[in-house]
Amino acid sequence: MTNEIPEAQPAEPLTEKLALAWTHTARFLTTASQLIHLPTTELPEIAFVGRSNAGKSTAINTLAQQKRLAFASKTPGRTQHINLFELGPKDAADALFADLPGYGYAAVNKSAKLRWQKVMADYLAVRRSLSGVVLMVDSRLGLTDLDKQLLEFVAARVATGEIKLLVLLTKSDKLNRKEADAALRATSEFLGGMTTENSDVSVTLFSALKKSGVGDVALALREWVVAHQVPDAVPDSVLAAQPPAPAED
Ligand SMILES: Nc1nc2c(ncn2[C@@H]2O[C@H](COP(=O)(O)OP(=O)(O)OP(=O)(O)O)[C@@H](O)[C@H]2O)c(=O)[nH]1
Ligand SMILES: [Mg+2]
């Protein structure tokens, strides 16, 4: 007779419902106008990037099913800092969302524009914990030159799979079926050039207004986080953050 080793219970299958329950846990962590003020973290971070007014803050609110988590506004250029949101159980956060300042808004004065574009470029270049990029693109405009520049910037790390990429064609409620198909096709064609056997690159239509694509996106982001490699050693910063043992009476 052989000794039977009990099989590990398979993890609960990931469903849209679970993924949305996870995105719903998003809460404000901190805001920073400069990279050096961002906390260092071992948690996988997912950055929401895109042109000003593309719908980044609205997408974060919609995913989180919260009205005013990230500041959305009719005034382009509203988000001027990097805002971090924490997700997962309160005592065991497992990921961060970063809402980044939008780029390409013409009416912002030139020095401010350059400053914010630099914040974003630096963020993408140096943020070690960056594990995913959600690029929001107004579905009526498609990928603009600035979006393509941003993609070029992260292309090498997207090719290796180090950074995962999801393009959201936002405000899809403004398109009819034929226009939506054309927008999807054009974007997929461009992204095809960035896809390798190791990459995780996708594109989907998204409407915060109609709440379409929300479950799919939550699921994709949750999958990124679950797949994210757990570092071998417990980092010192985590050990240092352990609360002291309660004093005995
Ligand atoms: N019709 C429609 N409008 C949307 C949708 N998502 C966002 N908007 C509108 O687009 C405008 C800009 O949205 P924001 O979420 O503030 O855009 P942002 O990308 O965060 O902008 P910045 O912070 O300036 O970079 C707001 O007026 C939103 O109401 C959508 O799915 N459908
Ligand atoms: Mg914003």
# chains A, B, ... in the order shown; residues from 1 in each chain; ligands from 1

$ residues_around --residues "Ala54 of chain A" --least-positions-apart "5" --cutoff "10 Å" --atoms "only C-alpha atoms" --output "mmCIF file with C-alpha atoms, in the first residue's frame"
data_model
loop_
_atom_site.group_PDB
_atom_site.id
_atom_site.type_symbol
_atom_site.label_atom_id
_atom_site.label_comp_id
_atom_site.auth_asym_id
_atom_site.auth_seq_id
_atom_site.Cartn_x
_atom_site.Cartn_y
_atom_site.Cartn_z
ATOM 1 C CA VAL A 49 -1.815 55.739 -18.286
ATOM 2 C CA ALA A 59 -11.983 53.704 -15.356
ATOM 3 C CA PRO A 76 -8.471 67.786 -18.844
ATOM 4 C CA GLY A 102 -2.394 62.336 -18.476
ATOM 5 C CA TYR A 103 -0.249 63.575 -21.311
ATOM 6 C CA LEU A 135 -3.260 52.234 -21.503
ATOM 7 C CA MET A 136 -6.476 54.124 -21.903
ATOM 8 C CA VAL A 137 -7.194 55.357 -25.395
ATOM 9 C CA ASP A 138 -10.287 57.305 -26.418
ATOM 10 C CA SER A 139 -11.930 54.850 -28.807
ATOM 11 C CA LEU A 141 -9.266 58.815 -31.516
ATOM 12 C CA LEU A 168 -8.701 49.965 -23.124
ATOM 13 C CA LEU A 169 -10.605 51.661 -25.906
ATOM 14 C CA THR A 170 -12.597 53.954 -23.647
ATOM 15 C CA LYS A 171 -15.938 55.715 -24.123
#

$ select_by_dssp --residues "segment 157-231 of chain A" --states "helix (DSSP H, G or I)" --output "ChimeraX atom specification"
/A:157-159,172-174,177-192,214-227
